[in-house]
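Just final_39.csv here, CSV, C-alpha atoms and all ligand atoms:
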chain,number,residue,atom,x,y,z
A,1,MET,CA,92.1,-15.8,-143.7
A,2,PHE,CA,92.3,-12.2,-145.0
A,3,GLU,CA,91.0,-10.8,-148.3
A,4,LEU,CA,92.7,-8.0,-150.1
A,5,THR,CA,90.3,-6.5,-152.6
A,6,LEU,CA,91.5,-4.3,-155.4
A,7,LEU,CA,89.8,-2.4,-158.2
A,8,ALA,CA,91.5,-2.6,-161.6
A,9,PRO,CA,90.8,-1.4,-165.1
A,10,GLU,CA,90.7,-4.0,-167.8
A,11,ASP,CA,94.3,-3.7,-169.0
A,12,ARG,CA,95.8,-4.1,-165.5
A,13,VAL,CA,94.0,-7.2,-164.3
A,14,GLU,CA,96.6,-9.7,-165.6
A,15,THR,CA,99.6,-7.9,-164.3
A,16,LEU,CA,98.0,-7.3,-161.0
A,17,SER,CA,97.0,-11.0,-160.7
A,18,GLU,CA,100.5,-12.1,-161.5
A,19,ALA,CA,102.0,-9.7,-159.0
A,20,LEU,CA,99.6,-11.0,-156.2
A,21,GLU,CA,100.6,-14.5,-157.0
A,22,ALA,CA,104.3,-13.5,-156.8
A,23,LEU,CA,103.4,-11.9,-153.4
A,24,ASP,CA,102.3,-15.4,-152.1
A,25,ALA,CA,98.5,-14.8,-152.3
A,26,LEU,CA,96.9,-18.2,-151.6
A,27,SER,CA,94.4,-17.6,-154.4
A,28,VAL,CA,93.4,-14.7,-156.7
A,29,SER,CA,89.9,-14.3,-158.2
A,30,VAL,CA,88.6,-11.7,-160.6
A,31,GLU,CA,85.0,-10.5,-160.6
A,32,ASP,CA,83.1,-7.9,-162.6
A,33,ALA,CA,83.2,-4.7,-160.5
A,34,ASP,CA,80.1,-3.4,-162.2
A,35,ALA,CA,78.1,-6.6,-162.0
A,36,LEU,CA,74.4,-6.0,-161.3
A,37,THR,CA,74.8,-2.2,-161.8
A,38,GLU,CA,73.7,-0.1,-164.7
A,39,ALA,CA,77.4,0.0,-165.9
A,40,GLU,CA,77.5,-3.8,-166.3
A,41,GLN,CA,78.4,-4.8,-169.8
A,42,ALA,CA,77.8,-8.2,-171.5
A,43,LEU,CA,81.0,-10.0,-172.4
A,44,PHE,CA,79.5,-12.7,-174.6
A,45,GLY,CA,79.3,-12.5,-178.4
A,46,GLU,CA,76.7,-13.7,-180.9
A,47,PRO,CA,76.4,-17.5,-181.0
A,48,GLY,CA,79.6,-18.9,-182.6
A,49,MET,CA,81.3,-15.5,-182.5
A,50,PRO,CA,84.2,-14.6,-180.1
A,51,PRO,CA,83.3,-12.2,-177.3
A,52,PRO,CA,83.7,-8.5,-178.3
A,53,LYS,CA,86.1,-7.9,-175.3
A,54,ALA,CA,88.4,-10.1,-173.3
A,55,GLY,CA,87.7,-8.6,-169.9
A,56,TRP,CA,85.4,-6.4,-167.9
A,57,GLN,CA,85.8,-2.6,-168.0
A,58,ARG,CA,86.5,-2.6,-164.2
A,59,SER,CA,87.4,-5.7,-162.3
A,60,ARG,CA,87.4,-6.5,-158.6
A,61,VAL,CA,90.5,-8.5,-157.9
A,62,VAL,CA,90.3,-10.5,-154.7
A,63,ALA,CA,93.4,-12.1,-153.2
A,64,LEU,CA,93.4,-14.4,-150.2
A,65,PHE,CA,96.2,-14.3,-147.6
A,66,GLY,CA,96.8,-16.5,-144.5
A,67,GLU,CA,98.0,-13.5,-142.4
A,68,GLU,CA,96.8,-9.9,-142.2
A,69,ALA,CA,100.4,-8.6,-142.3
A,70,ALA,CA,101.0,-10.3,-145.6
A,71,ALA,CA,97.8,-8.8,-147.1
A,72,ARG,CA,98.8,-5.3,-145.8
A,73,GLU,CA,102.4,-5.7,-147.1
A,74,ALA,CA,101.1,-6.8,-150.6
A,75,ALA,CA,98.8,-3.8,-150.7
A,76,ALA,CA,101.6,-1.4,-149.7
A,77,LEU,CA,104.0,-2.9,-152.3
A,78,LEU,CA,101.5,-2.8,-155.1
A,79,GLN,CA,100.5,0.8,-154.5
A,80,VAL,CA,104.1,2.0,-155.3
A,81,GLN,CA,104.3,0.1,-158.7
A,82,ASP,CA,103.9,1.9,-162.0
A,83,PHE,CA,101.3,-0.6,-163.2
A,84,PHE,CA,99.1,0.3,-160.2
A,85,ASP,CA,98.1,3.5,-161.9
A,86,GLY,CA,94.3,3.5,-162.2
A,87,CYS,CA,94.0,0.7,-159.6
A,88,GLU,CA,92.7,1.1,-156.1
A,89,VAL,CA,92.9,-0.8,-152.8
A,90,LEU,CA,89.3,-1.2,-151.8
A,91,ALA,CA,89.6,-3.2,-148.6
A,92,ILE,CA,91.5,-5.7,-146.4
A,93,THR,CA,88.9,-7.8,-144.6
A,94,THR,CA,88.9,-10.8,-142.3
A,95,LEU,CA,87.2,-13.7,-144.0
A,96,ALA,CA,84.7,-15.4,-141.8
A,97,ASP,CA,85.8,-18.9,-140.8
A,98,GLN,CA,84.1,-21.4,-143.0
A,99,ASP,CA,83.8,-25.1,-142.5
A,100,TRP,CA,85.7,-25.8,-145.7
A,101,VAL,CA,85.5,-29.6,-145.3
A,102,ARG,CA,81.7,-29.4,-145.1
A,103,LEU,CA,81.5,-27.0,-148.0
A,104,THR,CA,83.6,-29.4,-150.2
A,105,GLN,CA,81.6,-32.4,-149.0
A,106,SER,CA,78.3,-30.8,-149.9
A,107,GLN,CA,79.4,-31.0,-153.6
A,108,PHE,CA,79.5,-34.8,-153.6
A,109,ASP,CA,76.1,-36.5,-153.4
A,110,PRO,CA,75.3,-40.3,-153.5
A,111,VAL,CA,75.6,-41.7,-157.1
A,112,GLU,CA,72.9,-44.0,-158.3
A,113,ILE,CA,74.2,-46.9,-160.4
A,114,THR,CA,70.9,-48.8,-160.4
A,115,PRO,CA,67.9,-48.0,-158.2
A,116,THR,CA,69.2,-50.4,-155.6
A,117,PHE,CA,73.0,-50.1,-156.1
A,118,TRP,CA,74.6,-46.8,-154.9
A,119,ILE,CA,77.9,-45.2,-154.2
A,120,VAL,CA,77.6,-43.1,-151.0
A,121,PRO,CA,80.2,-40.7,-149.5
A,122,SER,CA,80.8,-41.4,-145.8
A,123,TRP,CA,79.1,-38.2,-144.8
A,124,HIS,CA,75.8,-39.2,-146.4
A,125,GLU,CA,73.2,-41.7,-145.2
A,126,PRO,CA,72.5,-44.3,-147.9
A,127,PRO,CA,69.1,-43.8,-149.7
A,128,ALA,CA,66.3,-45.9,-148.3
A,129,GLN,CA,66.0,-48.0,-151.5
A,130,ALA,CA,69.8,-48.9,-151.6
A,131,ARG,CA,70.4,-52.6,-151.2
A,132,GLN,CA,74.1,-52.5,-152.2
A,133,VAL,CA,76.2,-49.6,-151.1
A,134,ILE,CA,79.8,-48.7,-151.9
A,135,ARG,CA,81.2,-46.3,-149.3
A,136,LEU,CA,83.6,-44.1,-151.1
A,137,ASP,CA,85.0,-40.6,-150.6
A,138,PRO,CA,86.6,-38.5,-153.3
A,139,GLY,CA,90.4,-39.0,-153.1
A,140,LEU,CA,93.5,-39.0,-155.2
A,141,ALA,CA,92.7,-42.1,-157.3
A,142,PHE,CA,90.3,-42.1,-160.3
A,143,GLY,CA,87.0,-43.7,-159.6
A,144,THR,CA,84.3,-42.0,-157.6
A,145,GLY,CA,81.5,-43.4,-159.7
A,146,THR,CA,80.6,-40.2,-161.4
A,147,HIS,CA,82.5,-40.9,-164.6
A,148,PRO,CA,80.4,-42.6,-167.3
A,149,THR,CA,83.0,-45.3,-167.9
A,150,THR,CA,83.0,-46.3,-164.2
A,151,ARG,CA,79.2,-46.1,-164.1
A,152,MET,CA,78.8,-48.5,-167.0
A,153,CYS,CA,81.3,-51.0,-165.5
A,154,LEU,CA,79.3,-50.9,-162.3
A,155,ARG,CA,76.0,-51.2,-164.1
A,156,TRP,CA,77.4,-54.4,-165.6
A,157,VAL,CA,78.6,-55.6,-162.2
A,158,ALA,CA,75.3,-54.7,-160.5
A,159,ALA,CA,73.3,-56.7,-162.9
A,160,ARG,CA,75.1,-59.9,-162.0
A,161,ASP,CA,75.4,-62.5,-159.3
A,162,LEU,CA,79.1,-63.0,-158.9
A,163,VAL,CA,78.9,-65.3,-155.9
A,164,GLY,CA,82.1,-67.4,-155.6
A,165,GLN,CA,83.6,-65.9,-158.7
A,166,ARG,CA,87.3,-64.9,-159.2
A,167,VAL,CA,87.5,-61.3,-160.5
A,168,LEU,CA,90.3,-59.2,-161.8
A,169,ASP,CA,90.1,-55.4,-161.8
A,170,TYR,CA,92.9,-54.3,-164.1
A,171,GLY,CA,93.6,-50.5,-163.6
A,172,CYS,CA,91.8,-50.4,-160.3
A,173,GLY,CA,92.2,-46.6,-159.4
A,174,SER,CA,90.1,-46.2,-156.2
A,175,GLY,CA,89.2,-49.9,-156.3
A,176,ILE,CA,85.6,-49.1,-157.0
A,177,LEU,CA,85.0,-51.9,-159.5
A,178,ALA,CA,86.7,-54.5,-157.3
A,179,ILE,CA,84.6,-53.4,-154.3
A,180,GLY,CA,81.5,-53.5,-156.5
A,181,ALA,CA,82.3,-57.0,-157.5
A,182,ALA,CA,82.7,-58.0,-153.9
A,183,LYS,CA,79.3,-56.5,-153.1
A,184,GLN,CA,77.8,-58.8,-155.8
A,185,GLY,CA,79.4,-61.9,-154.1
A,186,ALA,CA,82.8,-62.3,-155.8
A,187,ASN,CA,85.2,-63.8,-153.2
A,188,ASP,CA,88.6,-64.0,-154.8
A,189,ILE,CA,89.3,-60.5,-156.1
A,190,VAL,CA,92.6,-59.1,-157.4
A,191,ALA,CA,92.9,-55.3,-158.1
A,192,VAL,CA,96.0,-54.0,-159.8
A,193,ASP,CA,97.3,-50.6,-161.0
A,194,ILE,CA,100.5,-49.2,-162.3
A,195,ASP,CA,100.1,-46.3,-159.9
A,196,PRO,CA,101.2,-47.2,-156.3
A,197,ALA,CA,98.9,-44.4,-154.9
A,198,ALA,CA,95.9,-46.1,-156.6
A,199,VAL,CA,96.9,-49.5,-155.0
A,200,GLU,CA,97.1,-47.7,-151.6
A,201,SER,CA,93.7,-46.1,-152.2
A,202,THR,CA,92.2,-49.4,-153.2
A,203,ARG,CA,93.4,-51.1,-150.0
A,204,LEU,CA,92.0,-48.2,-147.9
A,205,ASN,CA,88.6,-48.2,-149.7
A,206,ALA,CA,88.3,-52.0,-149.5
A,207,ALA,CA,89.0,-51.9,-145.8
A,208,ASN,CA,86.4,-49.1,-145.3
A,209,ASN,CA,83.9,-51.3,-147.2
A,210,HIS,CA,84.8,-54.5,-145.2
A,211,VAL,CA,85.8,-56.1,-148.4
A,212,ALA,CA,88.7,-58.6,-148.7
A,213,LEU,CA,90.8,-58.3,-151.9
A,214,HIS,CA,94.4,-58.5,-153.0
A,215,ALA,CA,95.6,-55.1,-154.3
A,216,GLY,CA,99.0,-54.6,-156.0
A,217,LEU,CA,101.0,-53.7,-159.0
A,218,PRO,CA,100.1,-55.4,-162.3
A,219,ASP,CA,102.5,-58.4,-161.7
A,220,GLN,CA,100.1,-59.5,-158.9
A,221,ALA,CA,97.5,-60.5,-161.6
A,222,GLN,CA,98.1,-64.3,-162.1
A,223,GLY,CA,96.0,-67.1,-163.5
A,224,VAL,CA,92.5,-66.9,-164.9
A,225,TYR,CA,89.4,-65.1,-163.8
A,226,GLN,CA,85.7,-65.5,-164.4
A,227,VAL,CA,85.4,-61.7,-164.8
A,228,VAL,CA,88.2,-59.3,-166.0
A,229,LEU,CA,87.3,-55.6,-165.7
A,230,ALA,CA,89.5,-53.0,-167.3
A,231,ASN,CA,88.5,-49.3,-167.4
A,232,ILE,CA,91.6,-47.7,-168.8
A,233,LEU,CA,91.7,-46.0,-172.3
A,234,ALA,CA,91.5,-47.2,-175.9
A,235,THR,CA,95.3,-47.0,-176.6
A,236,PRO,CA,96.5,-48.9,-173.5
A,237,LEU,CA,93.6,-51.4,-173.9
A,238,LYS,CA,94.8,-52.2,-177.4
A,239,VAL,CA,98.4,-52.8,-176.1
A,240,LEU,CA,97.1,-54.9,-173.3
A,241,ALA,CA,94.8,-57.0,-175.5
A,242,PRO,CA,96.8,-60.3,-175.4
A,243,LEU,CA,97.5,-60.0,-171.7
A,244,LEU,CA,93.9,-59.2,-170.7
A,245,CYS,CA,92.5,-62.0,-172.9
A,246,ALA,CA,94.8,-64.5,-171.4
A,247,PHE,CA,93.3,-63.7,-168.0
A,248,VAL,CA,89.8,-64.7,-169.1
A,249,ALA,CA,88.8,-68.2,-167.9
A,250,ASP,CA,86.7,-70.5,-170.1
A,251,GLY,CA,83.1,-69.2,-169.9
A,252,GLY,CA,84.5,-66.0,-168.3
A,253,HIS,CA,83.7,-62.4,-169.2
A,254,LEU,CA,86.0,-59.5,-170.4
A,255,VAL,CA,84.6,-56.1,-169.6
A,256,LEU,CA,86.3,-53.0,-171.1
A,257,ALA,CA,85.7,-49.3,-170.7
A,258,GLY,CA,87.4,-46.0,-171.4
A,259,ILE,CA,86.5,-46.4,-175.1
A,260,LEU,CA,84.8,-43.6,-177.1
A,261,SER,CA,82.0,-44.6,-179.5
A,262,ARG,CA,84.2,-43.8,-182.5
A,263,GLN,CA,86.9,-46.2,-181.2
A,264,VAL,CA,84.6,-49.3,-181.3
A,265,ASP,CA,86.0,-50.7,-184.6
A,266,GLU,CA,89.6,-50.4,-183.6
A,267,LEU,CA,89.0,-52.2,-180.3
A,268,LYS,CA,87.1,-55.0,-182.1
A,269,ALA,CA,90.1,-55.4,-184.5
A,270,ALA,CA,92.7,-55.3,-181.7
A,271,TYR,CA,90.9,-58.1,-179.7
A,272,ALA,CA,89.8,-60.2,-182.7
A,273,PRO,CA,92.7,-62.7,-182.5
A,274,TRP,CA,91.5,-63.7,-179.1
A,275,LEU,CA,87.9,-62.7,-178.3
A,276,VAL,CA,84.9,-61.1,-180.1
A,277,LEU,CA,84.1,-57.8,-178.5
A,278,ASP,CA,80.6,-56.2,-178.7
A,279,VAL,CA,79.2,-53.0,-177.4
A,280,ALA,CA,77.2,-53.8,-174.3
A,281,ASP,CA,76.3,-50.2,-173.0
A,282,GLU,CA,76.7,-46.6,-174.0
A,283,LEU,CA,76.7,-43.4,-171.9
A,284,ASP,CA,77.6,-39.8,-172.8
A,285,GLY,CA,79.7,-40.8,-175.9
A,286,TRP,CA,81.5,-43.6,-174.1
A,287,VAL,CA,80.9,-47.3,-174.7
A,288,LEU,CA,81.3,-50.5,-172.6
A,289,MET,CA,82.6,-53.4,-174.6
A,290,THR,CA,82.3,-57.0,-173.5
A,291,ALA,CA,83.3,-60.5,-174.7
A,292,ARG,CA,82.8,-64.0,-173.4
A,293,ARG,CA,85.2,-66.9,-173.8
A,294,GLY,CA,83.6,-70.1,-175.1
A,301,LIG,C1,90.2,-44.5,-165.7
A,301,LIG,S1,91.0,-45.1,-164.3
A,301,LIG,C2,89.8,-46.3,-163.8
A,301,LIG,C3,89.7,-46.5,-162.3
A,301,LIG,C4,88.6,-47.5,-161.9
A,301,LIG,N1,88.9,-48.8,-162.3
A,301,LIG,C5,87.3,-47.0,-162.4
A,301,LIG,O1,86.6,-47.8,-163.1
A,301,LIG,O2,86.8,-45.9,-162.1
A,301,LIG,C6,92.3,-46.0,-165.0
A,301,LIG,C7,93.3,-46.6,-164.1
A,301,LIG,O3,94.2,-47.5,-164.8
A,301,LIG,C8,95.5,-47.3,-164.4
A,301,LIG,N2,96.4,-47.7,-165.5
A,301,LIG,C9,96.6,-47.0,-166.7
A,301,LIG,N3,97.4,-47.8,-167.5
A,301,LIG,C10,97.6,-49.0,-166.9
A,301,LIG,C11,98.3,-50.2,-167.2
A,301,LIG,N4,99.0,-50.3,-168.3
A,301,LIG,N5,98.3,-51.2,-166.3
A,301,LIG,C12,97.6,-51.1,-165.1
A,301,LIG,N6,96.9,-50.0,-164.8
A,301,LIG,C13,96.9,-48.9,-165.6
A,301,LIG,C14,95.6,-45.8,-164.0
A,301,LIG,O4,96.7,-45.6,-163.1
A,301,LIG,C15,94.2,-45.6,-163.4
A,301,LIG,O5,94.2,-45.7,-162.0
Structure re-expressed in structure tokens:
Amino acid sequence: MFELTLLAPEDRVETLSEALEALDALSVSVEDADALTEAEQALFGEPGMPPPKAGWQRSRVVALFGEEAAAREAAALLQVQDFFDGCEVLAITTLADQDWVRLTQSQFDPVEITPTFWIVPSWHEPPAQARQVIRLDPGLAFGTGTHPTTRMCLRWVAARDLVGQRVLDYGCGSGILAIGAAKQGANDIVAVDIDPAAVESTRLNAANNHVALHAGLPDQAQGVYQVVLANILATPLKVLAPLLCAFVADGGHLVLAGILSRQVDELKAAYAPWLVLDVADELDGWVLMTARRG
């Protein structure tokens, strides 16, 4: 990788950044050229007020290129443009090879659901106190365990013995809830999603966790289940109310997430013809709502 570093006055930064992108820079970043010097100026305003200025007096614009020739060509082309007046090429440097994979991985730590139930990326050792572990790496599908809605569903699952139970994960994303249910003993698990990439991701994550489940599109959900988990959003949850309620077996549980605290009453009303929903958990402005049939 090669870095082309330019100096630009405030009114040229946007044009320069757009030109660098048009010249196929892999990324463009802008830093305060006067940071940590006596010329550094604060850009923030009084609390509640807009900042006095939109940009720094002088910026360092750093563009990343895959080839040195591309970085040199971009510098040469920019220098002959009218808008380059007042700008300067500071350097073209080789960027030391980094272990980008390791750098990205270091940003994802194990997630504690309960003191003994953890989600652990494959590059981490499980914490000593973990008794149940879901092995999951960040991927394309939603559900790494960091979102409050997922965490509340898993807290509900982690607090239960699901041995021998039939479980439906409706809107499975990464499959994290279905896998969590399997870790708690469920043995007939169906995980469905409208997104085929999520179905694929669920299959892969289930295999990595040595969990047997059936993953597929929503028409794969058939019959009734002792536990129906759906972490979607309030609007689709309201539309899905009759369908999801019909999946709940006698004595079974419905567990809904993706609902903001202020949406509790509308969800209660939408499900009232079939089941009585109550708030079972709250986290960061989100609620978990559950109901039991019979
Ligand atoms: C917020 S994610 C939840 C993923 C995972 N279950 C979790 O708890 O982290 C919602 C998922 O529901 C899926 N979804 C949205 N609408 C749906 C619908 N009508 N039927 C089935 N799945 C749906 C989305 O594709 C997405 O993967």
Neighbours of Leu260 of chain A within 6 Å (only C-alpha atoms; same-chain residues fewer than 3 positions away dropped), as a ChimeraX atom specification?
/A:263,285-287
Can you work out which one of A:Ala33, A:Ala249, A:Leu233, A:Val157 has the shortest atom-to-atom distance to ligand LIG 301 (chain A), counting all atoms listed in the file?
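With all atoms listed in the file as the atom set, the closest residue is A:Leu233.
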I'd like a table as CSV: residues in chain A with an atom no more than 6 Å from ligand LIG 301 (chain A), each row giving the shortest atom pair and its distance in Å to one decimal, only C-alpha atoms and all ligand atoms counted, sorted by chain and rising residue number.
residue,atom,partner,partner_atom,distance
A:Phe142,CA,A:LIG301,C3,4.9
A:Gly143,CA,A:LIG301,O2,3.3
A:Thr150,CA,A:LIG301,O1,4.1
A:Tyr170,CA,A:LIG301,C12,5.8
A:Gly171,CA,A:LIG301,O3,3.3
A:Cys172,CA,A:LIG301,N1,3.9
A:Gly173,CA,A:LIG301,O5,3.4
A:Ile176,CA,A:LIG301,C4,6.0
A:Leu177,CA,A:LIG301,O1,5.7
A:Asp193,CA,A:LIG301,N6,3.9
A:Ile194,CA,A:LIG301,N6,4.5
A:Asp195,CA,A:LIG301,O4,4.7
A:Ala198,CA,A:LIG301,O5,5.7
A:Pro218,CA,A:LIG301,C12,5.7
A:Asn231,CA,A:LIG301,C2,4.9
A:Ile232,CA,A:LIG301,C6,4.2
A:Pro236,CA,A:LIG301,N4,5.9
Which residue gives the smallest distance to Asp188 of chain A among A:Asp85, A:Glu67, A:Glu73, A:Asp169, with all atoms listed in the file counted?
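Distance minimum relative to Asp188 of chain A lands on A:Asp169.
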Proximity to Leu64 of chain A - best of A:Val80, A:Val28, A:Ile92, A:Val167, all atoms listed in the file
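Looking only at the distances to Leu64 of chain A, the closest residue turns out to be A:Val28.
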Using only C-alpha atoms, find each residue in segment 172-256 of chain A having at least one atom no more than 12 Å away from segment 127-133 of chain A; report its shortest atom-to-atom pair and that distance in Å (one decimal), rows by chain then rising number, as JSON lines.
{"residue": "A:Ile176", "atom": "CA", "partner": "A:Val133", "partner_atom": "CA", "distance": 11.1}
{"residue": "A:Ile179", "atom": "CA", "partner": "A:Val133", "partner_atom": "CA", "distance": 9.8}
{"residue": "A:Gly180", "atom": "CA", "partner": "A:Val133", "partner_atom": "CA", "distance": 8.5}
{"residue": "A:Ala181", "atom": "CA", "partner": "A:Gln132", "partner_atom": "CA", "distance": 10.8}
{"residue": "A:Ala182", "atom": "CA", "partner": "A:Gln132", "partner_atom": "CA", "distance": 10.3}
{"residue": "A:Lys183", "atom": "CA", "partner": "A:Gln132", "partner_atom": "CA", "distance": 6.6}
{"residue": "A:Gln184", "atom": "CA", "partner": "A:Gln132", "partner_atom": "CA", "distance": 8.1}
{"residue": "A:Gly185", "atom": "CA", "partner": "A:Gln132", "partner_atom": "CA", "distance": 11.0}
{"residue": "A:Asn208", "atom": "CA", "partner": "A:Val133", "partner_atom": "CA", "distance": 11.7}
{"residue": "A:Asn209", "atom": "CA", "partner": "A:Val133", "partner_atom": "CA", "distance": 8.8}
{"residue": "A:His210", "atom": "CA", "partner": "A:Val133", "partner_atom": "CA", "distance": 11.5}
{"residue": "A:Val211", "atom": "CA", "partner": "A:Val133", "partner_atom": "CA", "distance": 11.9}
Store the residues picked out above, limited to C-alpha atoms, as a PDB file, keeping the file's coordinate frame.
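After the write, part.pdb holds the following:
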ATOM      1  CA  ILE A 176      85.600 -49.100-157.000  1.00  0.00           C
ATOM      2  CA  ILE A 179      84.600 -53.400-154.300  1.00  0.00           C
ATOM      3  CA  GLY A 180      81.500 -53.500-156.500  1.00  0.00           C
ATOM      4  CA  ALA A 181      82.300 -57.000-157.500  1.00  0.00           C
ATOM      5  CA  ALA A 182      82.700 -58.000-153.900  1.00  0.00           C
ATOM      6  CA  LYS A 183      79.300 -56.500-153.100  1.00  0.00           C
ATOM      7  CA  GLN A 184      77.800 -58.800-155.800  1.00  0.00           C
ATOM      8  CA  GLY A 185      79.400 -61.900-154.100  1.00  0.00           C
ATOM      9  CA  ASN A 208      86.400 -49.100-145.300  1.00  0.00           C
ATOM     10  CA  ASN A 209      83.900 -51.300-147.200  1.00  0.00           C
ATOM     11  CA  HIS A 210      84.800 -54.500-145.200  1.00  0.00           C
ATOM     12  CA  VAL A 211      85.800 -56.100-148.400  1.00  0.00           C
TER      13      VAL A 211
END
Pairwise distance for atom CA of His253 of chain A and atom CA of Val120 of chain A, rounded to one decimal in Å
27.2 Å
What is the distance between atom CA of Ala76 of chain A and atom CA of Leu4 of chain A, in Å to one decimal?
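Separation between atom CA of Ala76 of chain A and atom CA of Leu4 of chain A: 11.1 Å.
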Work out how far apart atom CA of Arg293 of chain A and atom CA of Val190 of chain A are and give it in Å to one decimal.
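Computing it gives 19.6 Å between the two atoms.
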Among listed residues A:Leu16, A:Ala221, A:Val111, A:Leu26, nearest Arg155 of chain A (using all atoms listed in the file):
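Checking each candidate against Arg155 of chain A, we get A:Val111 as the closest.
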Using only C-alpha atoms, determine which residues lie at most 10 Å from Phe108 of chain A, disregarding the query and same-chain residues fewer than 6 positions distant; provide the list as a list in words.
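Non-adjacent residues within range: Val120, Pro121, Trp123, His124, Asp137, Pro138, Thr144 and Thr146 of chain A.
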Have a look at A:Leu77, A:Ala25, A:Ala96, A:Cys153 and name the one nearest to Ala230 of chain A; count all atoms listed in the file.
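With all atoms listed in the file as the atom set, the closest residue is A:Cys153.
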Add whatever atoms are absent from segment 267-282 of chain A to reach N, CA and C atoms, and provide the output as a CSV table (one decimal), keeping the file's coordinate frame.
chain,number,residue,atom,x,y,z
A,267,LEU,N,88.9,-51.2,-181.5
A,267,LEU,CA,89.0,-52.2,-180.3
A,267,LEU,C,88.6,-53.6,-180.8
A,268,LYS,N,87.6,-53.7,-181.6
A,268,LYS,CA,87.1,-55.0,-182.1
A,268,LYS,C,88.3,-55.6,-182.8
A,269,ALA,N,89.0,-54.9,-183.7
A,269,ALA,CA,90.1,-55.4,-184.5
A,269,ALA,C,91.2,-55.8,-183.6
A,270,ALA,N,91.5,-55.0,-182.6
A,270,ALA,CA,92.7,-55.3,-181.7
A,270,ALA,C,92.5,-56.6,-180.9
A,271,TYR,N,91.2,-56.9,-180.5
A,271,TYR,CA,90.9,-58.1,-179.7
A,271,TYR,C,90.5,-59.3,-180.5
A,272,ALA,N,90.3,-59.1,-181.9
A,272,ALA,CA,89.8,-60.2,-182.7
A,272,ALA,C,90.6,-61.5,-182.7
A,273,PRO,N,91.9,-61.4,-182.6
A,273,PRO,CA,92.7,-62.7,-182.5
A,273,PRO,C,92.4,-63.5,-181.3
A,274,TRP,N,91.8,-63.0,-180.3
A,274,TRP,CA,91.5,-63.7,-179.1
A,274,TRP,C,90.1,-63.8,-178.7
A,275,LEU,N,89.4,-62.7,-178.8
A,275,LEU,CA,87.9,-62.7,-178.3
A,275,LEU,C,87.1,-61.7,-179.2
A,276,VAL,N,85.8,-62.0,-179.3
A,276,VAL,CA,84.9,-61.1,-180.1
A,276,VAL,C,84.3,-60.1,-179.2
A,277,LEU,N,84.7,-58.9,-179.3
A,277,LEU,CA,84.1,-57.8,-178.5
A,277,LEU,C,82.8,-57.2,-179.1
A,278,ASP,N,81.9,-56.9,-178.2
A,278,ASP,CA,80.6,-56.2,-178.7
A,278,ASP,C,80.3,-55.1,-177.7
A,279,VAL,N,79.6,-54.1,-178.2
A,279,VAL,CA,79.2,-53.0,-177.4
A,279,VAL,C,78.0,-53.5,-176.5
A,280,ALA,N,78.2,-53.3,-175.2
A,280,ALA,CA,77.2,-53.8,-174.3
A,280,ALA,C,76.4,-52.6,-173.6
A,281,ASP,N,77.0,-51.4,-173.7
A,281,ASP,CA,76.3,-50.2,-173.0
A,281,ASP,C,76.9,-49.0,-173.6
A,282,GLU,N,76.2,-47.9,-173.5
A,282,GLU,CA,76.7,-46.6,-174.0
A,282,GLU,C,76.2,-45.5,-173.1
